[in-house]
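Participant: Just one file: model-v4.txt, with compact mmCIF, C-alpha atoms.
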# COMPACT_ATOMS: atom_id res chain seq x y z
CA MET X 1 0.00 0.00 0.00
CA TYR X 2 2.88 2.36 0.81
CA ARG X 3 4.52 1.50 -2.51
CA SER X 4 1.25 2.28 -4.33
CA LYS X 5 1.06 5.70 -2.72
CA THR X 6 4.72 6.39 -3.60
CA LEU X 7 4.09 5.50 -7.25
CA ILE X 8 1.04 7.73 -7.42
CA GLN X 9 2.95 10.64 -5.88
CA SER X 10 5.92 10.05 -8.20
CA GLY X 11 3.64 10.10 -11.21
CA LEU X 12 2.07 13.34 -10.09
CA SER X 13 5.48 14.89 -9.46
CA SER X 14 6.60 14.06 -13.00
CA MET X 15 3.49 15.81 -14.31
CA HIS X 16 4.00 18.92 -12.21
CA ARG X 17 5.86 21.01 -14.78
CA ASN X 18 3.41 20.42 -17.66
CA SER X 19 0.30 20.72 -15.50
CA ALA X 20 1.58 23.92 -13.93
CA ILE X 21 2.02 25.40 -17.39
CA LEU X 22 -1.43 24.33 -18.56
CA PHE X 23 -3.54 24.86 -15.46
CA GLY X 24 -1.41 26.63 -12.85
CA ASN X 25 0.05 25.49 -9.54
CA GLN X 26 -3.30 25.87 -7.73
CA TRP X 27 -4.89 23.19 -9.95
CA PHE X 28 -1.99 20.77 -9.37
CA SER X 29 -2.09 21.34 -5.60
CA ARG X 30 -5.81 20.59 -5.54
CA MET X 31 -5.31 17.34 -7.53
CA GLN X 32 -2.58 16.23 -5.14
CA ASN X 33 -4.90 16.81 -2.18
CA ILE X 34 -7.70 14.82 -3.85
CA VAL X 35 -5.41 11.83 -4.55
CA SER X 36 -4.00 11.96 -1.02
CA ARG X 37 -7.51 12.04 0.49
CA GLU X 38 -8.65 9.12 -1.66
CA PHE X 39 -5.62 7.08 -0.58
CA ASN X 40 -6.22 7.90 3.08
CA ASP X 41 -9.92 6.97 2.72
CA ARG X 42 -8.93 3.56 1.33
CA GLN X 43 -6.38 3.09 4.10
CA GLN X 44 -8.99 4.06 6.73
CA PHE X 45 -11.58 1.70 5.20
CA THR X 46 -8.99 -1.10 5.19
CA SER X 47 -8.28 -0.51 8.89
CA TYR X 48 -11.98 -0.95 9.69
CA SER X 49 -12.13 -4.20 7.71
CA THR X 50 -8.87 -5.50 9.22
CA SER X 51 -10.01 -4.70 12.74
CA ALA X 52 -13.33 -6.41 12.15
CA SER X 53 -11.62 -9.53 10.76
CA THR X 54 -9.63 -10.02 13.96
CA THR X 55 -12.80 -11.14 15.72
CA SER X 56 -13.81 -14.80 15.77
CA LYS X 57 -14.49 -16.33 12.36
CA SER X 58 -17.95 -17.47 13.37
CA LYS X 59 -19.06 -14.08 14.68
CA LYS X 60 -17.73 -11.06 12.90
CA ASN X 61 -18.45 -7.52 14.04
CA SER X 62 -19.99 -5.15 11.50
CA LYS X 63 -18.15 -2.18 10.00
CA PHE X 64 -20.50 0.12 11.90
CA TYR X 65 -19.65 -1.50 15.25
CA THR X 66 -15.91 -1.34 14.54
CA PHE X 67 -16.13 2.26 13.34
CA CYS X 68 -18.02 3.39 16.45
CA ASN X 69 -15.57 1.73 18.82
CA GLN X 70 -12.54 3.11 16.98
CA LYS X 71 -13.72 6.64 16.22
CA LEU X 72 -16.66 7.45 18.52
CA SER X 73 -16.11 5.31 21.61
CA ASP X 74 -17.03 8.15 23.97
CA GLN X 75 -20.47 8.63 22.36
CA LEU X 76 -22.06 5.19 22.72
CA ILE X 77 -23.86 5.58 26.06
CA VAL X 78 -27.55 6.55 26.13
CA ASN X 79 -29.47 6.42 29.41
CA GLY X 80 -26.69 4.35 30.97
CA LYS X 81 -26.65 1.79 28.12
CA ASN X 82 -23.92 1.21 25.58
CA ILE X 83 -26.45 0.89 22.78
CA VAL X 84 -23.88 0.00 20.10
CA GLU X 85 -22.59 -2.89 22.22
CA GLU X 86 -26.07 -4.09 23.16
CA LEU X 87 -27.53 -3.87 19.66
CA PHE X 88 -24.66 -4.39 17.22
CA SER X 89 -21.95 -6.55 18.79
CA ALA X 90 -21.44 -9.83 16.94
CA SER X 91 -22.99 -11.81 19.77
CA SER X 92 -26.03 -9.56 20.27
CA SER X 93 -29.50 -11.05 19.82
CA LYS X 94 -31.35 -7.84 20.73
CA LEU X 95 -33.53 -5.54 18.65
CA CYS X 96 -34.64 -1.97 19.34
CA PHE X 97 -38.23 -0.94 18.64
CA SER X 98 -38.70 2.80 18.20
CA GLU X 99 -41.77 4.84 17.43
CA ILE X 100 -40.77 7.87 15.39
CA SER X 101 -44.23 9.16 14.47
CA PHE X 102 -43.48 12.51 16.11
CA LYS X 103 -40.89 13.24 13.41
CA ARG X 104 -41.78 11.03 10.42
CA SER X 105 -45.11 10.41 8.66
CA VAL X 106 -46.41 8.67 5.53
CA LEU X 107 -48.72 9.58 2.68
CA THR X 108 -49.67 7.30 -0.20
CA ILE X 109 -50.22 7.63 -3.91
CA GLU X 110 -51.70 4.94 -6.14
CA GLY X 111 -53.16 4.40 -9.58
CA GLU X 112 -52.13 3.18 -13.01
CA GLN X 113 -49.90 6.24 -13.53
CA ALA X 114 -48.49 6.45 -9.99
CA GLU X 115 -45.12 5.06 -11.11
CA SER X 116 -44.51 7.54 -13.94
CA PHE X 117 -45.90 10.44 -11.91
CA ILE X 118 -43.52 10.03 -8.96
CA HIS X 119 -40.64 9.07 -11.26
CA SER X 120 -40.81 12.52 -12.89
CA LEU X 121 -40.62 14.36 -9.56
CA VAL X 122 -37.87 12.65 -7.53
CA THR X 123 -34.12 12.09 -7.72
CA SER X 124 -34.29 8.28 -7.62
CA ASP X 125 -35.22 5.87 -10.40
CA VAL X 126 -38.72 4.69 -9.51
CA SER X 127 -39.42 2.82 -12.76
CA LYS X 128 -36.29 0.68 -12.98
CA LYS X 129 -35.24 0.44 -9.31
CA LEU X 130 -38.32 0.69 -7.09
CA PHE X 131 -41.02 -1.03 -9.14
CA HIS X 132 -38.86 -3.93 -10.27
CA LYS X 133 -37.12 -6.61 -8.24
CA GLU X 134 -33.37 -6.84 -8.74
CA ASP X 135 -33.60 -10.63 -8.54
CA ALA X 136 -36.91 -11.99 -9.87
CA LYS X 137 -36.15 -15.43 -8.39
CA LYS X 138 -36.18 -14.13 -4.83
CA ALA X 139 -39.49 -14.04 -3.01
CA THR X 140 -39.11 -10.36 -2.16
CA LEU X 141 -42.32 -8.85 -0.84
CA HIS X 142 -41.23 -5.21 -0.67
CA ASN X 143 -38.79 -2.69 -2.08
CA SER X 144 -37.68 0.77 -0.94
CA GLN X 145 -35.29 3.57 -1.83
CA PRO X 146 -34.22 6.93 -0.39
CA SER X 147 -35.24 9.85 -2.57
CA MET X 148 -35.64 13.61 -2.66
CA PHE X 149 -38.03 16.12 -4.19
CA LEU X 150 -36.16 19.18 -5.48
CA ASN X 151 -37.15 22.65 -6.59
CA PRO X 152 -36.20 23.89 -10.10
CA LYS X 153 -32.92 25.30 -8.74
CA GLY X 154 -31.83 21.87 -7.51
CA ARG X 155 -32.38 22.53 -3.82
CA VAL X 156 -34.15 20.03 -1.57
CA LEU X 157 -37.84 20.37 -0.81
CA PHE X 158 -38.42 17.02 0.95
CA ASP X 159 -36.21 14.08 1.92
CA THR X 160 -38.18 10.85 1.69
CA ILE X 161 -38.16 7.07 1.71
CA LEU X 162 -40.25 5.51 -1.06
CA GLY X 163 -41.66 2.02 -0.50
CA VAL X 164 -43.81 -0.51 -2.33
CA GLU X 165 -45.16 -4.00 -1.61
CA PHE X 166 -45.21 -6.87 -4.11
CA ASP X 167 -47.89 -9.52 -4.46
CA SER X 168 -46.41 -12.87 -3.41
CA GLU X 169 -47.93 -14.72 -6.38
CA SER X 170 -47.95 -12.35 -9.34
CA GLY X 171 -44.97 -10.22 -8.31
CA ALA X 172 -46.87 -7.04 -9.23
CA VAL X 173 -46.97 -4.00 -6.98
CA LYS X 174 -49.87 -4.37 -4.57
CA ASN X 175 -52.85 -2.11 -3.91
CA ASN X 176 -53.13 -0.53 -7.34
CA ASN X 177 -49.43 0.42 -7.62
CA ARG X 178 -49.47 2.09 -4.22
CA ILE X 179 -46.32 3.99 -3.23
CA TYR X 180 -45.67 4.82 0.43
CA ILE X 181 -43.87 8.15 0.82
CA GLU X 182 -42.23 8.55 4.23
CA HIS X 183 -41.34 12.17 4.98
CA ASP X 184 -40.81 14.84 7.62
CA ALA X 185 -44.01 14.83 9.71
CA SER X 186 -43.99 18.64 9.90
CA LYS X 187 -44.05 18.85 6.08
CA THR X 188 -47.09 16.65 5.29
CA GLU X 189 -49.32 19.51 4.11
CA ASP X 190 -46.53 21.03 2.03
CA LEU X 191 -45.69 17.71 0.37
CA PHE X 192 -49.34 16.93 -0.32
CA SER X 193 -49.83 20.37 -1.92
CA HIS X 194 -46.65 19.93 -3.97
CA LEU X 195 -47.87 16.60 -5.34
CA LYS X 196 -51.35 17.95 -5.97
CA SER X 197 -49.99 20.87 -7.99
CA HIS X 198 -48.32 18.43 -10.43
CA VAL X 199 -51.14 15.89 -10.81
CA LEU X 200 -52.97 17.67 -13.64
CA ARG X 201 -54.75 14.84 -15.48
CA LYS X 202 -52.64 11.98 -14.18
CA LYS X 203 -54.67 8.94 -13.13
CA VAL X 204 -53.55 8.82 -9.51
CA LYS X 205 -55.11 8.98 -6.09
CA MET X 206 -53.36 10.56 -3.09
CA ASP X 207 -54.10 10.07 0.61
CA LYS X 208 -52.74 11.79 3.69
CA PHE X 209 -53.38 10.63 7.25
CA SER X 210 -53.63 12.01 10.74
CA THR X 211 -50.80 11.22 13.16
CA THR X 212 -52.90 11.43 16.34
CA PHE X 213 -56.13 9.90 17.61
CA GLU X 214 -57.29 13.15 19.21
CA ASN X 215 -60.39 14.65 17.56
CA LEU X 216 -60.24 11.98 14.87
CA PRO X 217 -63.22 12.14 12.46
CA ASP X 218 -65.28 8.98 11.90
CA ASN X 219 -63.86 6.43 9.46
CA SER X 220 -60.49 8.19 9.45
CA THR X 221 -57.12 6.48 9.64
CA VAL X 222 -54.10 7.31 11.75
CA VAL X 223 -50.61 6.44 10.50
CA LYS X 224 -47.78 5.55 12.87
CA VAL X 225 -44.15 5.09 11.88
CA PHE X 226 -41.81 2.67 13.66
CA ALA X 227 -38.18 1.63 13.28
CA LEU X 228 -36.84 -1.83 14.18
CA PHE X 229 -33.09 -2.35 14.14
CA GLY X 230 -30.31 -4.43 15.69
CA ASN X 231 -27.74 -7.13 14.99
CA PRO X 232 -30.21 -9.95 14.15
CA LEU X 233 -31.63 -7.89 11.26
CA LEU X 234 -28.21 -6.61 10.19
CA LYS X 235 -26.84 -10.15 9.93
CA SER X 236 -30.00 -11.67 8.46
CA LYS X 237 -29.47 -13.37 5.09
CA THR X 238 -33.08 -12.86 4.06
CA SER X 239 -34.61 -9.56 2.99
CA GLU X 240 -37.87 -10.28 4.81
CA ILE X 241 -38.80 -10.26 8.49
CA LYS X 242 -40.94 -13.19 9.53
CA TYR X 243 -42.93 -12.03 12.52
CA LYS X 244 -46.65 -12.68 12.81
CA TRP X 245 -47.47 -9.04 13.49
CA LYS X 246 -45.90 -7.87 10.21
CA ASP X 247 -49.14 -8.66 8.38
CA SER X 248 -50.93 -5.86 10.24
CA VAL X 249 -48.45 -3.18 9.10
CA VAL X 250 -46.41 -2.30 6.01
CA CYS X 251 -42.78 -3.39 6.47
CA VAL X 252 -39.97 -2.09 4.25
CA ARG X 253 -36.24 -2.14 4.80
CA ASP X 254 -34.66 1.23 5.58
CA PRO X 255 -32.81 1.61 2.27
CA ARG X 256 -30.27 4.16 3.47
CA LEU X 257 -28.09 1.81 5.55
CA ASP X 258 -28.53 -1.80 6.68
CA VAL X 259 -27.71 -0.70 10.24
CA LEU X 260 -31.03 1.18 10.39
CA GLY X 261 -33.02 -2.03 9.93
CA TYR X 262 -36.69 -1.80 8.99
CA ARG X 263 -39.39 0.82 8.75
CA MET X 264 -42.96 -0.14 9.70
CA TYR X 265 -46.01 1.88 8.73
CA GLY X 266 -49.10 1.12 10.77
CA PHE X 267 -52.52 2.31 9.60
CA PHE X 268 -54.94 2.20 12.53
CA LYS X 269 -58.64 2.99 12.85
CA SER X 270 -58.59 3.28 16.64
CA GLN X 271 -56.36 3.72 19.66
CA SER X 272 -57.09 0.13 20.70
CA GLU X 273 -55.75 -1.25 17.39
CA TYR X 274 -52.59 0.77 17.86
CA GLU X 275 -52.04 -0.43 21.44
CA LYS X 276 -52.76 -4.05 20.45
CA PHE X 277 -50.10 -3.89 17.74
CA LYS X 278 -47.44 -2.66 20.16
CA GLN X 279 -48.33 -5.42 22.62
CA GLU X 280 -48.04 -8.04 19.88
CA VAL X 281 -44.60 -6.75 18.95
CA GLN X 282 -43.38 -6.91 22.55
CA SER X 283 -44.86 -10.35 23.06
CA GLU X 284 -43.37 -11.96 19.96
CA LEU X 285 -39.95 -10.36 20.18
CA GLN X 286 -39.77 -11.24 23.91
CA PRO X 287 -38.63 -8.75 26.59
CA GLU X 288 -35.17 -10.30 27.01
CA HIS X 289 -34.42 -9.72 23.32
CA LEU X 290 -36.13 -6.35 22.92
CA ILE X 291 -35.14 -2.81 23.87
CA MET X 292 -38.12 -0.46 23.85
CA ASP X 293 -37.03 3.02 22.86
CA THR X 294 -38.01 6.12 24.82
CA GLU X 295 -40.85 8.46 23.83
CA LYS X 296 -38.33 10.73 22.14
CA ALA X 297 -36.73 7.79 20.29
CA GLU X 298 -33.37 8.55 21.90
CA TYR X 299 -31.78 5.23 20.90
CA TYR X 300 -32.84 5.61 17.28
CA GLU X 301 -31.59 9.21 17.17
CA ARG X 302 -28.17 8.30 18.57
CA ILE X 303 -27.73 5.41 16.13
CA ARG X 304 -28.83 7.62 13.22
CA ILE X 305 -26.32 10.30 14.18
CA LEU X 306 -23.51 7.76 14.68
CA CYS X 307 -24.34 6.52 11.17
CA GLY X 308 -24.07 10.07 9.84
CA ILE X 309 -27.52 9.93 8.20
CA ALA X 310 -29.25 13.28 7.67
CA GLU X 311 -33.01 13.40 8.13
CA ASN X 312 -35.76 16.04 8.15
CA SER X 313 -35.51 19.78 7.65
CA ILE X 314 -33.31 20.24 10.73
CA ASP X 315 -30.50 18.58 8.74
CA ILE X 316 -31.73 19.28 5.21
CA PRO X 317 -33.43 22.70 5.30
CA THR X 318 -36.13 23.29 2.70
CA ASP X 319 -35.15 25.37 -0.35
CA VAL X 320 -31.61 25.72 1.01
CA ALA X 321 -29.77 22.36 0.99
CA PHE X 322 -28.37 20.55 -2.05
CA PRO X 323 -29.03 16.80 -2.23
CA MET X 324 -25.41 15.66 -2.39
CA GLU X 325 -24.48 17.56 0.77
CA ALA X 326 -26.26 14.75 2.65
CA GLY X 327 -24.48 12.06 0.62
CA PHE X 328 -27.70 10.82 -0.98
CA GLU X 329 -25.90 9.88 -4.20
CA GLN X 330 -23.83 7.37 -2.19
CA ILE X 331 -26.79 5.61 -0.54
CA GLY X 332 -28.90 5.11 -3.68
CA GLY X 333 -30.99 8.26 -3.42
CA ILE X 334 -29.91 9.90 -6.68
CA HIS X 335 -29.71 8.11 -10.04
CA PHE X 336 -27.88 10.05 -12.72
CA ASP X 337 -29.03 7.93 -15.68
CA LYS X 338 -32.80 8.10 -15.08
CA GLY X 339 -33.60 11.09 -17.27
CA CYS X 340 -35.41 14.30 -16.46
CA TYR X 341 -36.92 15.35 -13.14
CA ILE X 342 -37.36 18.68 -11.42
CA GLY X 343 -33.93 20.02 -10.37
CA GLN X 344 -32.06 17.42 -12.46
CA GLU X 345 -29.90 19.76 -14.54
CA LEU X 346 -28.04 21.44 -11.68
CA THR X 347 -27.73 18.21 -9.69
CA THR X 348 -26.14 16.35 -12.60
CA ARG X 349 -23.80 19.21 -13.46
CA THR X 350 -22.62 19.52 -9.86
CA TYR X 351 -21.95 15.79 -9.65
CA HIS X 352 -19.95 15.54 -12.88
CA ARG X 353 -17.91 18.65 -12.12
CA GLY X 354 -17.04 17.35 -8.66
CA GLU X 355 -18.11 20.59 -7.01
CA ILE X 356 -19.17 19.10 -3.68
CA ARG X 357 -17.34 21.19 -1.13
CA LYS X 358 -19.65 20.62 1.84
CA ARG X 359 -20.85 17.41 3.43
CA ILE X 360 -22.92 16.52 6.48
CA LEU X 361 -20.42 14.92 8.87
CA ILE X 362 -20.47 13.63 12.44
CA VAL X 363 -19.23 16.24 14.92
CA ARG X 364 -18.26 16.09 18.59
CA GLY X 365 -17.69 18.74 21.21
CA ASP X 366 -18.19 19.54 24.89
CA HIS X 367 -20.51 22.44 24.04
CA LEU X 368 -22.12 21.81 20.68
CA PRO X 369 -24.20 24.77 19.46
CA SER X 370 -27.92 24.49 18.77
CA PRO X 371 -29.17 23.42 15.31
CA GLY X 372 -28.94 26.18 12.73
CA THR X 373 -25.97 27.91 14.37
CA GLU X 374 -23.35 29.08 11.88
CA LEU X 375 -19.90 27.47 12.14
CA GLN X 376 -16.59 29.10 11.29
CA PHE X 377 -12.93 28.27 10.89
CA SER X 378 -10.39 29.25 13.50
CA GLY X 379 -6.62 28.89 13.76
CA GLU X 380 -3.33 30.08 12.34
CA ASN X 381 -4.06 29.65 8.62
CA VAL X 382 -7.56 31.10 8.48
CA GLU X 383 -6.30 34.22 6.70
CA ASN X 384 -5.22 32.01 3.77
CA LEU X 385 -8.80 30.84 3.20
CA ARG X 386 -11.27 32.67 1.00
CA SER X 387 -13.70 32.87 3.91
CA ASP X 388 -13.87 31.81 7.56
CA LYS X 389 -17.44 30.53 7.01
CA ALA X 390 -17.35 26.79 7.62
CA GLY X 391 -20.96 25.55 7.62
CA ARG X 392 -23.99 25.03 9.81
CA MET X 393 -24.93 22.93 12.83
CA CYS X 394 -27.62 20.28 12.25
CA SER X 395 -28.96 17.63 14.66
CA THR X 396 -27.46 17.43 18.14
CA ASP X 397 -27.64 14.76 20.83
CA GLY X 398 -25.55 15.72 23.84
CA SER X 399 -21.91 15.99 22.81
CA VAL X 400 -22.37 14.40 19.38
CA GLY X 401 -24.28 15.61 16.36
CA LEU X 402 -24.28 16.31 12.65
CA ALA X 403 -23.10 19.42 10.87
CA LEU X 404 -22.83 20.64 7.30
CA VAL X 405 -19.12 21.37 6.98
CA LYS X 406 -16.76 22.70 4.31
CA PHE X 407 -14.40 19.81 4.94
CA GLU X 408 -11.31 20.39 2.76
CA PRO X 409 -9.48 22.93 5.01
CA LEU X 410 -9.96 20.63 8.01
CA MET X 411 -8.68 17.46 6.34
CA GLU X 412 -5.57 18.75 4.60
CA ARG X 413 -2.29 17.35 5.83
CA ASP X 414 -0.75 19.35 8.70
CA SER X 415 -3.82 21.58 8.79
CA LYS X 416 -3.84 24.05 11.68
CA VAL X 417 -7.42 25.10 11.04
CA SER X 418 -10.07 24.16 13.59
CA LEU X 419 -13.86 24.32 13.66
CA VAL X 420 -15.83 26.45 16.14
CA SER X 421 -19.25 28.04 16.37
CA GLU X 422 -19.80 31.76 15.97
CA ALA X 423 -21.40 31.80 19.42
CA ASP X 424 -18.47 30.10 21.20
CA THR X 425 -15.06 30.40 19.57
CA ASN X 426 -13.28 28.79 22.54
CA SER X 427 -14.88 25.34 22.22
CA PRO X 428 -13.39 23.34 19.34
CA ILE X 429 -15.60 20.99 17.35
CA LYS X 430 -14.12 17.76 15.99
CA ILE X 431 -15.32 16.20 12.74
CA THR X 432 -15.55 12.50 11.85
CA PRO X 433 -16.65 11.39 8.36
CA PRO X 434 -19.21 8.54 8.48
CA TYR X 435 -17.76 5.12 7.67
CA TRP X 436 -19.73 4.81 4.40
CA ILE X 437 -19.03 8.17 2.79
CA ALA X 438 -16.34 9.05 0.25
CA LEU X 439 -15.41 12.72 0.46
How does the structure come out when it is put into structure tokens?
Facilitator:
Amino acid sequence: MYRSKTLIQSGLSSMHRNSAILFGNQWFSRMQNIVSREFNDRQQFTSYSTSASTTSKSKKNSKFYTFCNQKLSDQLIVNGKNIVEELFSASSSKLCFSEISFKRSVLTIEGEQAESFIHSLVTSDVSKKLFHKEDAKKATLHNSQPSMFLNPKGRVLFDTILGVEFDSESGAVKNNNRIYIEHDASKTEDLFSHLKSHVLRKKVKMDKFSTTFENLPDNSTVVKVFALFGNPLLKSKTSEIKYKWKDSVVCVRDPRLDVLGYRMYGFFKSQSEYEKFKQEVQSELQPEHLIMDTEKAEYYERIRILCGIAENSIDIPTDVAFPMEAGFEQIGGIHFDKGCYIGQELTTRTYHRGEIRKRILIVRGDHLPSPGTELQFSGENVENLRSDKAGRMCSTDGSVGLALVKFEPLMERDSKVSLVSEADTNSPIKITPPYWIAL
């Protein structure tokens, strides 16, 4: 590996004179930094894999578990529990059941033109990826993908998870091509209006649902969103979960990362149905193998942040954020060969030019600022930068969180630049790229 890096650097050095003449020293310096970062990323990824392989051959720890223990070992305790150890160690048989209805909701769209309608509005390929099984021989009963709705300027309107169910016999999408659109619960009305404004004469039907049983009109339906995750699902060789209660809800895999397990969408007519479902889950999964999350879904939130997954407008502000800042192109949320959709031109141009200077990364600090706080660079070399503006704080959970960061000045070799908030320049903030992302 060292020899490979030496050869790459030697090759670049031999090109220095010609490239400096053609493009200038600044271009060559930037290319050197990119190659060096890519090499370091590969070396870092190899260290995770090597560390994981040192465990017993029969029980191998996941990359997520190894990453957390190597890079974020001081951030694994929630309510006195080391949740990474309890849920994701190689020997763990536990699952965590979280209700996240307070932050995520679902609306549905169905009809003979539902596929083409949604396909023309989102960043992911609905026609070729969502509505068709990758392996027709497998008895897959669902499919899902992360996706985004953009405005014409290529900025994010809604971050979503799209899901469908397949008929076990015919293999066709069930319920009249019904698509489940999971989204930020505070944006349901906005998303519904956005879809409605583009329907025109399309043969589709849309439904939105209440998220609470209070003052519920007769014959109305309440939707509840749950997450189920843990080592047994992460290590499972099948794409389906085989619990009896799954027939009363819609189950789709969280397509962003395997660590995040499954999403479950429950459609209930009454409070009693809702309570019965939760009891059935607890009974079948058994108390000794189940961790029930808190009302605020604290375990889910910590795992999501340790994964470096952005979610909702607190991380991806409406009409402000660009889709690739959240790394959606690396988790299957943006397909660049699908054709036209709203915001496609700028997104594709940005990707092919490599102009992604900011990413949402994991951050740590003793006094993390509140979400939305502006971040800035500090240190000896700040005057050499074009600007001291570094980014924006996103989700926080104690001393760990997510932030949108202009990462290059912080990751250059021998960099003396640090990250602080505008409100507190004396408390440094450390960055850690998620284990799955390539900067």
Participant: Near segment 296-298 of chain X, counting all atoms listed in the file, which residues have an atom at most 12 Å away, once you skip same-chain residues fewer than 4 positions from it, shown as a ChimeraX atom specification?
Facilitator: /X:76-79,81,83,96-104,225-228,291-292,302-305,396-398
Participant: Since we have the selection now, will you write its residues out, keeping C-alpha atoms, as a PDB file, in the frame of the given file?
Facilitator:
ATOM      1  CA  LEU X  76     -22.060   5.190  22.720  1.00  0.00           C
ATOM      2  CA  ILE X  77     -23.860   5.580  26.060  1.00  0.00           C
ATOM      3  CA  VAL X  78     -27.550   6.550  26.130  1.00  0.00           C
ATOM      4  CA  ASN X  79     -29.470   6.420  29.410  1.00  0.00           C
ATOM      5  CA  LYS X  81     -26.650   1.790  28.120  1.00  0.00           C
ATOM      6  CA  ILE X  83     -26.450   0.890  22.780  1.00  0.00           C
ATOM      7  CA  CYS X  96     -34.640  -1.970  19.340  1.00  0.00           C
ATOM      8  CA  PHE X  97     -38.230  -0.940  18.640  1.00  0.00           C
ATOM      9  CA  SER X  98     -38.700   2.800  18.200  1.00  0.00           C
ATOM     10  CA  GLU X  99     -41.770   4.840  17.430  1.00  0.00           C
ATOM     11  CA  ILE X 100     -40.770   7.870  15.390  1.00  0.00           C
ATOM     12  CA  SER X 101     -44.230   9.160  14.470  1.00  0.00           C
ATOM     13  CA  PHE X 102     -43.480  12.510  16.110  1.00  0.00           C
ATOM     14  CA  LYS X 103     -40.890  13.240  13.410  1.00  0.00           C
ATOM     15  CA  ARG X 104     -41.780  11.030  10.420  1.00  0.00           C
ATOM     16  CA  VAL X 225     -44.150   5.090  11.880  1.00  0.00           C
ATOM     17  CA  PHE X 226     -41.810   2.670  13.660  1.00  0.00           C
ATOM     18  CA  ALA X 227     -38.180   1.630  13.280  1.00  0.00           C
ATOM     19  CA  LEU X 228     -36.840  -1.830  14.180  1.00  0.00           C
ATOM     20  CA  ILE X 291     -35.140  -2.810  23.870  1.00  0.00           C
ATOM     21  CA  MET X 292     -38.120  -0.460  23.850  1.00  0.00           C
ATOM     22  CA  ARG X 302     -28.170   8.300  18.570  1.00  0.00           C
ATOM     23  CA  ILE X 303     -27.730   5.410  16.130  1.00  0.00           C
ATOM     24  CA  ARG X 304     -28.830   7.620  13.220  1.00  0.00           C
ATOM     25  CA  ILE X 305     -26.320  10.300  14.180  1.00  0.00           C
ATOM     26  CA  THR X 396     -27.460  17.430  18.140  1.00  0.00           C
ATOM     27  CA  ASP X 397     -27.640  14.760  20.830  1.00  0.00           C
ATOM     28  CA  GLY X 398     -25.550  15.720  23.840  1.00  0.00           C
TER      29      GLY X 398
END
Participant: May I ask which of the residues X:Thr432, X:Ser378, X:Asn151, X:Asn426 is the closest one to Arg364 of chain X, counting all atoms listed in the file?
Facilitator: X:Thr432
Participant: Using only C-alpha atoms, list the residues that have an atom at most 12 Å from (-31.3, 9.9, -2.8), coordinates as in the file, as a PyMOL selection string.
Facilitator: chain X and resi 122-126+144-150+156+158-162+255-256+309-311+322-336+347
Participant: So the first atom is atom CA of Ile179 of chain X and the second is atom CA of Lys129 of chain X; what is the distance between them in Å, to one decimal place?
Facilitator: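 Separation of atom CA of Ile179 of chain X and atom CA of Lys129 of chain X: 13.1 Å.
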Participant: Work out how far atom CA of Leu157 of chain X is from atom CA of His183 of chain X, in Å to one decimal.
Facilitator: 10.6 Å
Participant: Between X:Thr425, X:Phe213, X:Lys416, X:Gly365, single out the one closest to Ser272 of chain X, counting only C-alpha atoms.
Facilitator: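 Among the listed residues, X:Phe213 lies closest to Ser272 of chain X.
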Participant: Kindly indicate which residue among X:Val249, X:Leu375, X:Leu290, X:Leu121 lies nearest to Asp388 of chain X, using all atoms listed in the file for the distances.
Facilitator: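 Of all the options, X:Leu375 lies closest to Asp388 of chain X.
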Participant: Just want the 10 Å neighbourhood of Phe117 of chain X, counted on only C-alpha atoms, with same-chain residues fewer than 4 positions away dropped. Output as a CSV table (one decimal) with C-alpha atoms, in the frame of the given file.
Facilitator:
chain,number,residue,atom,x,y,z
X,109,ILE,CA,-50.2,7.6,-3.9
X,110,GLU,CA,-51.7,4.9,-6.1
X,111,GLY,CA,-53.2,4.4,-9.6
X,112,GLU,CA,-52.1,3.2,-13.0
X,113,GLN,CA,-49.9,6.2,-13.5
X,121,LEU,CA,-40.6,14.4,-9.6
X,122,VAL,CA,-37.9,12.6,-7.5
X,126,VAL,CA,-38.7,4.7,-9.5
X,195,LEU,CA,-47.9,16.6,-5.3
X,198,HIS,CA,-48.3,18.4,-10.4
X,199,VAL,CA,-51.1,15.9,-10.8
X,202,LYS,CA,-52.6,12.0,-14.2
X,203,LYS,CA,-54.7,8.9,-13.1
X,204,VAL,CA,-53.6,8.8,-9.5
Participant: May I have the protein, DNA and RNA residues with an atom at most 7 Å from (-37.1, 17.3, -12.2), counting all atoms listed in the file in the file's coordinates, returned as a VMD selection string?
Facilitator: chain X and resid 120 to 122 152 340 to 344
Participant: With all atoms listed in the file as the counted atoms, please give the residues lying no more than 10 Å from Gly230 of chain X, apart from itself and same-chain residues fewer than 6 positions off, as a PyMOL selection string.
Facilitator: chain X and resi 83-84+86-89+92-97+258-262+290-291
Participant: Residues of the last selection are to be written out with C-alpha atoms, as a tab-separated table (two decimals), in the frame of the given file.
Facilitator:
chain	number	residue	atom	x	y	z
X	83	ILE	CA	-26.45	0.89	22.78
X	84	VAL	CA	-23.88	0.00	20.10
X	86	GLU	CA	-26.07	-4.09	23.16
X	87	LEU	CA	-27.53	-3.87	19.66
X	88	PHE	CA	-24.66	-4.39	17.22
X	89	SER	CA	-21.95	-6.55	18.79
X	92	SER	CA	-26.03	-9.56	20.27
X	93	SER	CA	-29.50	-11.05	19.82
X	94	LYS	CA	-31.35	-7.84	20.73
X	95	LEU	CA	-33.53	-5.54	18.65
X	96	CYS	CA	-34.64	-1.97	19.34
X	97	PHE	CA	-38.23	-0.94	18.64
X	258	ASP	CA	-28.53	-1.80	6.68
X	259	VAL	CA	-27.71	-0.70	10.24
X	260	LEU	CA	-31.03	1.18	10.39
X	261	GLY	CA	-33.02	-2.03	9.93
X	262	TYR	CA	-36.69	-1.80	8.99
X	290	LEU	CA	-36.13	-6.35	22.92
X	291	ILE	CA	-35.14	-2.81	23.87
